[in-house]
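Chemist: Got a structure here, written out as structure tokens. Questions coming.
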Amino acid sequence: MAKKTPYELVPQLGKLRDEVLFGDVWEQPELTKRDRSLITVAILGALYRTPEIKGHMQRALDNGVTHDELRGIITHLAFYAGWPCAVNAGRVAADIFGDDD
């Protein structure tokens, strides 16, 4: 049997993610989804949240962030969040970019 996801194990997390985070917070007019993606990738990179940054890097690309902008975030992380955080984010970007870059 496959291991349950956190959202299957704790359904309220999925509900809050869908209804509050993505249904409300990400829809607020003060920031564009592109801006929110830039911020989210930077925060997740700084916190070394590998599984989460992977999904948000892809979301960032879908929201119009470029490969070069993600590279810029990663370089910035090195000096503000530490080298290991930047290298980890770079590994994730390499997986996301694949042969496209």
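By convention in this document, the chains of the structure tokens carry letters A, B, ... by their order, each chain's residues are numbered from 1, and ligands are numbered from 1 in the order they are shown.
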Determine, counting only C-alpha atoms, which protein, DNA and RNA residues have an atom within 12 Å of an atom of range 4-21 of chain A; residues of the same chain fewer than 6 positions away are not included. Present the result as a list in words.

Modeler: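 These residues fall inside the cut-off: Glu27, Gln28 and Arg36 of chain A.
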
Chemist: Within 10 Å of range 74-84 of chain A, counting only C-alpha atoms, which residues qualify if same-chain residues fewer than 5 places away don't, as an MDAnalysis selection string?

Modeler: chainID A and resid 41:43 45:48 68:69 89:90 93

Chemist: Provide the CA of Thr50 in chain A to CA of Asn88 in chain A distance in Å, to one decimal place.

Modeler: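 Separation of CA of Thr50 in chain A and CA of Asn88 in chain A: 7.3 Å.
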
Chemist: Just checking: using only C-alpha atoms, which residue out of A:Arg49, A:Pro29, A:Arg34, A:Phe97 ends up closest to Val65 in chain A?

Modeler: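 Closest candidate: A:Arg34.
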
Chemist: Name the residues of chain A that fall into alpha helix (DSSP H) according to DSSP on the backbone, using the chain letters and numbers of this document, as a VMD selection string.

Modeler: chain A and resid 6 to 9 11 to 16 33 to 46 50 to 62 67 to 80 83 to 97

Chemist: Would you mind listing, for every residue of range 17-50 of chain A within 9 Å of range 55-58 of chain A, the two atoms forming the shortest contact and the distance between them in Å to one decimal, using only C-alpha atoms, sorted by chain and ascending residue number, as a tab-separated table?

Modeler:
```
residue	atom	partner	partner_atom	distance
A:Ser37	CA	A:His56	CA	6.8
A:Leu38	CA	A:Met57	CA	8.7
A:Thr40	CA	A:His56	CA	7.1
A:Val41	CA	A:His56	CA	6.1
A:Leu44	CA	A:His56	CA	8.5
```

Chemist: Out of A:Lys3, A:Arg91, A:Lys33, A:Arg71, which residue has the shortest atom-to-atom distance to Lys54 in chain A when counting only C-alpha atoms?

Modeler: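 Checking each candidate against Lys54 in chain A, we get A:Arg91 as the closest.
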
Chemist: Do you have the CA of Asn63 in chain A-CA of Ile96 in chain A distance handy?

Modeler: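 Value for the CA of Asn63 in chain A-CA of Ile96 in chain A distance: 14.5 Å.
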
Chemist: Please indicate the distance in Å from CA of Leu31 in chain A to CA of Ala94 in chain A, rounded to one decimal place.

Modeler: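 It comes out at 27.3 Å.
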